[in-house]
file entry.cif (mmCIF, C-alpha atoms)
data_protein
#
loop_
_atom_site.group_PDB
_atom_site.id
_atom_site.type_symbol
_atom_site.label_atom_id
_atom_site.label_comp_id
_atom_site.auth_asym_id
_atom_site.auth_seq_id
_atom_site.Cartn_x
_atom_site.Cartn_y
_atom_site.Cartn_z
ATOM 1 C CA MET Y 1 -186.991 -109.399 16.555
ATOM 2 C CA GLY Y 2 -189.075 -106.349 15.732
ATOM 3 C CA LEU Y 3 -190.149 -105.325 12.236
ATOM 4 C CA ASN Y 4 -187.731 -102.404 12.232
ATOM 5 C CA SER Y 5 -184.734 -104.580 13.181
ATOM 6 C CA PHE Y 6 -185.585 -107.132 10.528
ATOM 7 C CA PHE Y 7 -185.548 -104.601 7.708
ATOM 8 C CA LYS Y 8 -182.366 -102.965 9.000
ATOM 9 C CA ILE Y 9 -180.477 -106.249 8.836
ATOM 10 C CA PHE Y 10 -181.630 -107.612 5.516
ATOM 11 C CA LEU Y 11 -182.236 -104.616 3.266
ATOM 12 C CA PRO Y 12 -180.261 -101.590 2.091
ATOM 13 C CA LYS Y 13 -181.836 -98.448 3.456
ATOM 14 C CA ASP Y 14 -183.303 -97.217 0.178
ATOM 15 C CA LYS Y 15 -184.718 -100.689 -0.619
ATOM 16 C CA ILE Y 16 -186.680 -100.913 2.632
ATOM 17 C CA PHE Y 17 -189.445 -98.781 1.132
ATOM 18 C CA TYR Y 18 -190.022 -101.117 -1.818
ATOM 19 C CA GLN Y 19 -190.396 -104.107 0.478
ATOM 20 C CA LEU Y 20 -192.757 -102.285 2.802
ATOM 21 C CA PHE Y 21 -194.941 -101.076 -0.064
ATOM 22 C CA GLU Y 22 -195.040 -104.606 -1.500
ATOM 23 C CA ASN Y 23 -195.981 -105.982 1.901
ATOM 24 C CA VAL Y 24 -198.886 -103.573 2.127
ATOM 25 C CA SER Y 25 -200.117 -104.200 -1.422
ATOM 26 C CA SER Y 26 -199.888 -107.990 -1.086
ATOM 27 C CA THR Y 27 -201.933 -107.731 2.122
ATOM 28 C CA LEU Y 28 -204.516 -105.677 0.233
ATOM 29 C CA VAL Y 29 -204.885 -108.507 -2.284
ATOM 30 C CA ILE Y 30 -205.716 -110.929 0.525
ATOM 31 C CA MET Y 31 -208.124 -108.425 2.063
ATOM 32 C CA GLY Y 32 -209.914 -108.040 -1.272
ATOM 33 C CA GLU Y 33 -210.352 -111.797 -1.611
ATOM 34 C CA LYS Y 34 -211.504 -112.064 1.994
ATOM 35 C CA LEU Y 35 -214.108 -109.344 1.360
ATOM 36 C CA LYS Y 36 -215.495 -111.489 -1.459
ATOM 37 C CA GLU Y 37 -215.811 -114.329 1.046
ATOM 38 C CA VAL Y 38 -217.702 -112.034 3.409
ATOM 39 C CA VAL Y 39 -220.311 -110.989 0.854
ATOM 40 C CA ASN Y 40 -220.845 -114.571 -0.324
ATOM 41 C CA GLU Y 41 -221.213 -116.071 3.162
ATOM 42 C CA PRO Y 42 -224.862 -116.362 4.305
ATOM 43 C CA ASP Y 43 -224.014 -117.298 7.903
ATOM 44 C CA PHE Y 44 -223.675 -114.265 10.205
ATOM 45 C CA ASP Y 45 -221.142 -115.881 12.562
ATOM 46 C CA LYS Y 46 -218.940 -117.214 9.759
ATOM 47 C CA ARG Y 47 -218.978 -113.765 8.177
ATOM 48 C CA GLY Y 48 -217.902 -112.392 11.530
ATOM 49 C CA GLN Y 49 -214.832 -114.610 11.531
ATOM 50 C CA SER Y 50 -213.831 -113.431 8.049
ATOM 51 C CA ILE Y 51 -214.412 -109.827 9.080
ATOM 52 C CA LYS Y 52 -212.136 -110.365 12.082
ATOM 53 C CA GLU Y 53 -209.431 -111.612 9.704
ATOM 54 C CA ILE Y 54 -209.871 -108.455 7.603
ATOM 55 C CA GLU Y 55 -209.524 -106.332 10.721
ATOM 56 C CA ASP Y 56 -206.311 -108.139 11.653
ATOM 57 C CA MET Y 57 -204.901 -107.524 8.180
ATOM 58 C CA GLU Y 58 -205.852 -103.858 8.375
ATOM 59 C CA HIS Y 59 -203.855 -103.608 11.595
ATOM 60 C CA THR Y 60 -200.923 -105.261 9.817
ATOM 61 C CA CYS Y 61 -201.146 -102.635 7.072
ATOM 62 C CA ASP Y 62 -201.170 -99.943 9.745
ATOM 63 C CA ASP Y 63 -197.939 -101.387 11.148
ATOM 64 C CA TYR Y 64 -196.274 -101.394 7.719
ATOM 65 C CA THR Y 65 -197.460 -97.843 7.055
ATOM 66 C CA HIS Y 66 -196.117 -96.677 10.397
ATOM 67 C CA GLU Y 67 -192.787 -98.280 9.541
ATOM 68 C CA ILE Y 68 -192.721 -96.471 6.183
ATOM 69 C CA PHE Y 69 -193.167 -93.138 7.946
ATOM 70 C CA THR Y 70 -190.553 -94.076 10.549
ATOM 71 C CA GLN Y 71 -188.026 -94.986 7.850
ATOM 72 C CA LEU Y 72 -188.875 -91.804 5.978
ATOM 73 C CA GLY Y 73 -187.927 -89.777 9.010
ATOM 74 C CA LYS Y 74 -184.677 -91.670 9.579
ATOM 75 C CA ASN Y 75 -183.266 -92.215 6.072
ATOM 76 C CA PHE Y 76 -181.685 -89.516 3.969
ATOM 77 C CA ILE Y 77 -181.622 -91.783 0.896
ATOM 78 C CA THR Y 78 -185.029 -92.679 -0.561
ATOM 79 C CA PRO Y 79 -185.887 -94.405 -3.865
ATOM 80 C CA PHE Y 80 -188.091 -91.516 -4.987
ATOM 81 C CA ASP Y 81 -189.424 -88.219 -3.639
ATOM 82 C CA ARG Y 82 -190.236 -88.248 0.054
ATOM 83 C CA GLU Y 83 -193.539 -86.551 -0.722
ATOM 84 C CA ASP Y 84 -194.498 -89.350 -3.136
ATOM 85 C CA ILE Y 85 -193.548 -91.993 -0.569
ATOM 86 C CA HIS Y 86 -195.856 -90.309 1.910
ATOM 87 C CA TYR Y 87 -198.690 -90.003 -0.619
ATOM 88 C CA LEU Y 88 -198.413 -93.620 -1.738
ATOM 89 C CA ALA Y 89 -198.266 -94.969 1.816
ATOM 90 C CA THR Y 90 -201.353 -92.945 2.716
ATOM 91 C CA ALA Y 91 -203.257 -94.053 -0.394
ATOM 92 C CA LEU Y 92 -202.544 -97.739 0.236
ATOM 93 C CA ASP Y 93 -203.483 -97.413 3.896
ATOM 94 C CA ASP Y 94 -206.773 -95.781 2.895
ATOM 95 C CA ILE Y 95 -207.628 -98.791 0.712
ATOM 96 C CA ALA Y 96 -207.162 -101.095 3.700
ATOM 97 C CA ASP Y 97 -209.208 -98.799 5.957
ATOM 98 C CA TYR Y 98 -212.196 -98.712 3.634
ATOM 99 C CA ILE Y 99 -212.135 -102.449 2.919
ATOM 100 C CA GLN Y 100 -212.314 -102.987 6.657
ATOM 101 C CA ALA Y 101 -215.111 -100.428 7.000
ATOM 102 C CA SER Y 102 -217.098 -102.111 4.203
ATOM 103 C CA ALA Y 103 -216.843 -105.528 5.835
ATOM 104 C CA LYS Y 104 -217.694 -104.264 9.322
ATOM 105 C CA LYS Y 105 -220.790 -102.377 8.205
ATOM 106 C CA ILE Y 106 -222.329 -105.507 6.666
ATOM 107 C CA ASN Y 107 -222.529 -107.291 10.001
ATOM 108 C CA PHE Y 108 -222.928 -104.145 12.106
ATOM 109 C CA TYR Y 109 -226.102 -103.279 10.203
ATOM 110 C CA LYS Y 110 -227.107 -106.960 9.980
ATOM 111 C CA VAL Y 111 -227.520 -106.611 6.233
ATOM 112 C CA ASN Y 112 -227.902 -109.728 4.110
ATOM 113 C CA PRO Y 113 -224.993 -109.367 1.653
ATOM 114 C CA ASN Y 114 -226.749 -111.630 -0.865
ATOM 115 C CA ASP Y 115 -227.194 -108.551 -3.004
ATOM 116 C CA ILE Y 116 -225.964 -108.323 -6.573
ATOM 117 C CA GLY Y 117 -224.673 -104.779 -6.106
ATOM 118 C CA ILE Y 118 -222.684 -105.599 -2.971
ATOM 119 C CA GLN Y 119 -221.253 -108.743 -4.535
ATOM 120 C CA LYS Y 120 -220.298 -107.024 -7.789
ATOM 121 C CA MET Y 121 -218.668 -104.209 -5.837
ATOM 122 C CA ALA Y 122 -216.642 -106.739 -3.842
ATOM 123 C CA ASP Y 123 -215.491 -108.320 -7.121
ATOM 124 C CA VAL Y 124 -214.196 -105.030 -8.519
ATOM 125 C CA ILE Y 125 -212.540 -104.167 -5.195
ATOM 126 C CA ALA Y 126 -210.620 -107.450 -5.323
ATOM 127 C CA GLN Y 127 -209.630 -106.715 -8.928
ATOM 128 C CA GLY Y 128 -208.518 -103.222 -7.953
ATOM 129 C CA CYS Y 129 -206.328 -104.523 -5.130
ATOM 130 C CA GLU Y 130 -204.710 -107.030 -7.470
ATOM 131 C CA ALA Y 131 -203.969 -104.320 -10.044
ATOM 132 C CA VAL Y 132 -202.535 -102.020 -7.369
ATOM 133 C CA HIS Y 133 -200.254 -104.820 -6.208
ATOM 134 C CA ARG Y 134 -199.018 -105.426 -9.770
ATOM 135 C CA ALA Y 135 -198.174 -101.748 -10.176
ATOM 136 C CA VAL Y 136 -196.488 -101.459 -6.771
ATOM 137 C CA THR Y 137 -194.364 -104.558 -7.397
ATOM 138 C CA GLU Y 138 -193.016 -103.102 -10.644
ATOM 139 C CA LEU Y 139 -191.846 -99.918 -8.895
ATOM 140 C CA ARG Y 140 -188.801 -101.743 -7.531
ATOM 141 C CA ASP Y 141 -186.871 -101.520 -10.816
ATOM 142 C CA MET Y 142 -189.289 -99.850 -13.291
ATOM 143 C CA LYS Y 143 -187.948 -102.034 -16.082
ATOM 144 C CA ASN Y 144 -191.305 -103.149 -17.422
ATOM 145 C CA MET Y 145 -193.234 -99.945 -17.963
ATOM 146 C CA ARG Y 146 -195.896 -101.792 -19.944
ATOM 147 C CA LYS Y 147 -196.851 -103.822 -16.880
ATOM 148 C CA ILE Y 148 -197.155 -100.693 -14.780
ATOM 149 C CA THR Y 149 -199.180 -98.755 -17.328
ATOM 150 C CA ASP Y 150 -201.446 -101.760 -17.976
ATOM 151 C CA ALA Y 151 -202.103 -102.013 -14.232
ATOM 152 C CA LEU Y 152 -202.847 -98.287 -13.999
ATOM 153 C CA VAL Y 153 -205.268 -98.465 -16.920
ATOM 154 C CA ALA Y 154 -206.970 -101.436 -15.270
ATOM 155 C CA ILE Y 155 -207.333 -99.514 -11.995
ATOM 156 C CA ASN Y 156 -208.936 -96.560 -13.776
ATOM 157 C CA SER Y 157 -211.328 -98.912 -15.563
ATOM 158 C CA ILE Y 158 -212.191 -100.621 -12.275
ATOM 159 C CA GLU Y 159 -212.922 -97.268 -10.645
ATOM 160 C CA ASN Y 160 -215.329 -96.484 -13.498
ATOM 161 C CA GLN Y 161 -216.970 -99.886 -13.050
ATOM 162 C CA GLY Y 162 -217.357 -99.130 -9.355
ATOM 163 C CA ASP Y 163 -219.127 -95.871 -10.179
ATOM 164 C CA ASP Y 164 -221.484 -97.670 -12.592
ATOM 165 C CA ILE Y 165 -222.268 -100.449 -10.104
ATOM 166 C CA PHE Y 166 -222.920 -97.865 -7.404
ATOM 167 C CA ASP Y 167 -225.311 -95.858 -9.590
ATOM 168 C CA MET Y 168 -227.232 -98.945 -10.754
ATOM 169 C CA SER Y 169 -227.389 -100.363 -7.232
ATOM 170 C CA ILE Y 170 -228.766 -97.147 -5.762
ATOM 171 C CA GLU Y 171 -231.360 -96.894 -8.526
ATOM 172 C CA LYS Y 172 -232.463 -100.485 -7.970
ATOM 173 C CA LEU Y 173 -232.484 -100.009 -4.201
ATOM 174 C CA PHE Y 174 -234.891 -97.092 -4.350
ATOM 175 C CA ASP Y 175 -237.074 -98.868 -6.889
ATOM 176 C CA THR Y 176 -237.393 -102.217 -5.106
ATOM 177 C CA GLU Y 177 -236.703 -101.846 -1.362
ATOM 178 C CA PRO Y 178 -239.826 -100.871 0.618
ATOM 179 C CA ASP Y 179 -238.038 -100.689 3.992
ATOM 180 C CA ALA Y 180 -236.560 -97.225 4.513
ATOM 181 C CA LYS Y 181 -234.083 -98.551 7.099
ATOM 182 C CA GLU Y 182 -232.731 -101.092 4.640
ATOM 183 C CA VAL Y 183 -232.366 -98.364 2.019
ATOM 184 C CA ILE Y 184 -230.277 -96.263 4.402
ATOM 185 C CA LYS Y 185 -228.100 -99.187 5.512
ATOM 186 C CA LYS Y 186 -227.438 -100.582 2.039
ATOM 187 C CA ARG Y 187 -226.803 -97.170 0.562
ATOM 188 C CA GLU Y 188 -224.094 -96.551 3.161
ATOM 189 C CA ILE Y 189 -222.482 -99.914 2.411
ATOM 190 C CA TYR Y 190 -222.504 -99.150 -1.334
ATOM 191 C CA GLN Y 191 -220.957 -95.756 -0.637
ATOM 192 C CA VAL Y 192 -218.109 -97.117 1.474
ATOM 193 C CA MET Y 193 -217.365 -99.885 -1.026
ATOM 194 C CA GLU Y 194 -217.306 -97.383 -3.874
ATOM 195 C CA ILE Y 195 -214.788 -95.302 -1.937
ATOM 196 C CA VAL Y 196 -212.424 -98.304 -1.974
ATOM 197 C CA THR Y 197 -212.261 -98.119 -5.776
ATOM 198 C CA ASP Y 198 -211.667 -94.356 -5.520
ATOM 199 C CA LYS Y 199 -208.746 -94.996 -3.169
ATOM 200 C CA CYS Y 200 -207.301 -97.543 -5.608
ATOM 201 C CA GLU Y 201 -207.382 -94.819 -8.244
ATOM 202 C CA ASP Y 202 -205.673 -92.419 -5.821
ATOM 203 C CA ALA Y 203 -202.842 -94.938 -5.421
ATOM 204 C CA ALA Y 204 -202.652 -95.323 -9.198
ATOM 205 C CA ASN Y 205 -202.349 -91.550 -9.614
ATOM 206 C CA VAL Y 206 -199.414 -91.435 -7.184
ATOM 207 C CA ILE Y 207 -197.695 -94.318 -8.978
ATOM 208 C CA GLU Y 208 -198.226 -92.582 -12.310
ATOM 209 C CA SER Y 209 -196.617 -89.437 -10.892
ATOM 210 C CA ILE Y 210 -193.631 -91.480 -9.708
ATOM 211 C CA ILE Y 211 -193.010 -93.194 -13.031
ATOM 212 C CA VAL Y 212 -193.322 -89.923 -14.943
ATOM 213 C CA LYS Y 213 -190.529 -88.490 -12.780
ATOM 214 C CA TYR Y 214 -188.219 -91.472 -12.632
ATOM 215 C CA ALA Y 215 -188.852 -93.916 -15.469
#
call {"tool": "encode", "arguments": {"input": "entry.cif", "output": "structure tokens"}}
result
Amino acid sequence: MGLNSFFKIFLPKDKIFYQLFENVSSTLVIMGEKLKEVVNEPDFDKRGQSIKEIEDMEHTCDDYTHEIFTQLGKNFITPFDREDIHYLATALDDIADYIQASAKKINFYKVNPNDIGIQKMADVIAQGCEAVHRAVTELRDMKNMRKITDALVAINSIENQGDDIFDMSIEKLFDTEPDAKEVIKKREIYQVMEIVTDKCEDAANVIESIIVKYA
């Protein structure tokens, strides 16, 4: 049975979106934890296996996102504005895309991830994914606004932490790394990882817009 048929049978049409968003956000949590495994694994081949798992999960998120857009085109009844559904689906998908890109670049560039900046950035990415999932889960009934607002505040704080880690890591990189190639490679990895925290904040901004309209 295909994904579309499953949701048609078991969920009311306007509830399909909640389940799909929760599926994406719960997958992001796993991707964030798997990224932490990648940056703490010294063995290149073992890292490669974890990166492959991240890639598979990113494809799963793509499938969920595609289903959200398909349902958006087919259903007249939606739980909140169609525009906000589109924005939130895109923001969540972007998080998955950049987590995957971060993981792939580590092995593609053959960079040793035993780097305090990379590891700290992976930690805040995992925290950001967890906070996004908490906020998304509460959208289903919007009964506990405190949980949603606490999650949104946490995401904003995490994005600021990501900026600080990025700035400190770049400063340290230029001060201590004599190999220009390594500087270029690590700087790009820092940049992509920092974008993940930006995308978490983008998702938080969409969720905030939704709760302002409907809570």
call {"tool": "atom_distance", "arguments": {"input": "entry.cif", "atom1": "CA of Val38 in chain Y", "atom2": "CA of Pro113 in chain Y"}}
result
8.0 Å
call {"tool": "residues_near_point", "arguments": {"input": "entry.cif", "point": "(-230.1, -98.6, -5.7)", "cutoff": "10 Å", "atoms": "only C-alpha atoms", "output": "VMD selection string"}}
result
chain Y and resid 117 165 to 177 183 186 to 187 190
call {"tool": "residues_near_point", "arguments": {"input": "entry.cif", "point": "(-203.0, -103.2, 6.0)", "cutoff": "8 Å", "atoms": "only C-alpha atoms", "output": "PyMOL selection string"}}
result
chain Y and resi 24+27-28+57-65+92-93+96-97
call {"tool": "closest_residue", "arguments": {"input": "entry.cif", "among": "Y:Asn160, Y:Thr70, Y:Thr197, Y:Asn112", "to": "Ala89 in chain Y", "atoms": "all atoms listed in the file"}}
result
Y:Thr70
call {"tool": "closest_residue", "arguments": {"input": "entry.cif", "among": "Y:Gln127, Y:Ser102, Y:Gln191, Y:Asn107", "to": "Asn156 in chain Y", "atoms": "all atoms listed in the file"}}
result
Y:Gln127
call {"tool": "resolve_selection", "arguments": {"input": "entry.cif", "expression": "the PyMOL selection byres ((chain Y and resi 114) around 9)", "output": "PDB file with C-alpha atoms, in the coordinates of the input"}}
result
ATOM      1  CA  VAL Y  39    -220.311-110.989   0.854  1.00  0.00           C
ATOM      2  CA  ASN Y  40    -220.845-114.571  -0.324  1.00  0.00           C
ATOM      3  CA  GLU Y  41    -221.213-116.071   3.162  1.00  0.00           C
ATOM      4  CA  PRO Y  42    -224.862-116.362   4.305  1.00  0.00           C
ATOM      5  CA  VAL Y 111    -227.520-106.611   6.233  1.00  0.00           C
ATOM      6  CA  ASN Y 112    -227.902-109.728   4.110  1.00  0.00           C
ATOM      7  CA  PRO Y 113    -224.993-109.367   1.653  1.00  0.00           C
ATOM      8  CA  ASP Y 115    -227.194-108.551  -3.004  1.00  0.00           C
ATOM      9  CA  ILE Y 116    -225.964-108.323  -6.573  1.00  0.00           C
ATOM     10  CA  GLY Y 117    -224.673-104.779  -6.106  1.00  0.00           C
ATOM     11  CA  ILE Y 118    -222.684-105.599  -2.971  1.00  0.00           C
ATOM     12  CA  GLN Y 119    -221.253-108.743  -4.535  1.00  0.00           C
TER      13      GLN Y 119
END
call {"tool": "residues_around", "arguments": {"input": "entry.cif", "residues": "Thr137 in chain Y", "least_positions_apart": "4", "cutoff": "12 Å", "atoms": "only C-alpha atoms", "output": "PyMOL selection string"}}
result
chain Y and resi 17-26+130-133+141-145+147-148+151+207
call {"tool": "atom_distance", "arguments": {"input": "entry.cif", "atom1": "CA of Glu83 in chain Y", "atom2": "CA of Val212 in chain Y"}}
result
14.6 Å
call {"tool": "closest_residue", "arguments": {"input": "entry.cif", "among": "Y:Ala126, Y:Ala203, Y:Val29, Y:Ile210", "to": "Leu88 in chain Y", "atoms": "only C-alpha atoms"}}
result
Y:Ala203
call {"tool": "residues_around", "arguments": {"input": "entry.cif", "residues": "Ala204 in chain Y", "least_positions_apart": "2", "cutoff": "9 Å", "atoms": "only C-alpha atoms", "output": "compact mmCIF listing (two decimals) with C-alpha atoms, in the frame of the given file"}}
result
# COMPACT_ATOMS: atom_id res chain seq x y z
CA LEU Y 88 -198.41 -93.62 -1.74
CA ALA Y 91 -203.26 -94.05 -0.39
CA VAL Y 132 -202.54 -102.02 -7.37
CA ALA Y 135 -198.17 -101.75 -10.18
CA ALA Y 151 -202.10 -102.01 -14.23
CA LEU Y 152 -202.85 -98.29 -14.00
CA VAL Y 153 -205.27 -98.46 -16.92
CA ILE Y 155 -207.33 -99.51 -12.00
CA ASN Y 156 -208.94 -96.56 -13.78
CA LYS Y 199 -208.75 -95.00 -3.17
CA CYS Y 200 -207.30 -97.54 -5.61
CA GLU Y 201 -207.38 -94.82 -8.24
CA ASP Y 202 -205.67 -92.42 -5.82
CA VAL Y 206 -199.41 -91.44 -7.18
CA ILE Y 207 -197.70 -94.32 -8.98
CA GLU Y 208 -198.23 -92.58 -12.31
CA SER Y 209 -196.62 -89.44 -10.89
call {"tool": "closest_residue", "arguments": {"input": "entry.cif", "among": "Y:His86, Y:Lys110, Y:Arg140, Y:Lys105", "to": "Val192 in chain Y", "atoms": "all atoms listed in the file"}}
result
Y:Lys105
call {"tool": "closest_residue", "arguments": {"input": "entry.cif", "among": "Y:Ala154, Y:Leu35, Y:Ile99, Y:Ile16", "to": "Ile195 in chain Y", "atoms": "only C-alpha atoms"}}
result
Y:Ile99
call {"tool": "resolve_selection", "arguments": {"input": "entry.cif", "expression": "the PyMOL selection byres ((chain Y and resi 104) around 10)", "output": "number ranges by chain"}}
result
Y: 38, 47-48, 51-52, 54-55, 98-103, 105-110, 189
call {"tool": "axis_aligned_box", "arguments": {"input": "entry.cif", "around": "range 164-183 of chain Y", "padding_each_side": "8 Å", "output": "AutoDock Vina command-line options"}}
result
--center_x -230.7 --center_y -99.0 --center_z -2.7 --size_x 34.3 --size_y 22.4 --size_z 35.7
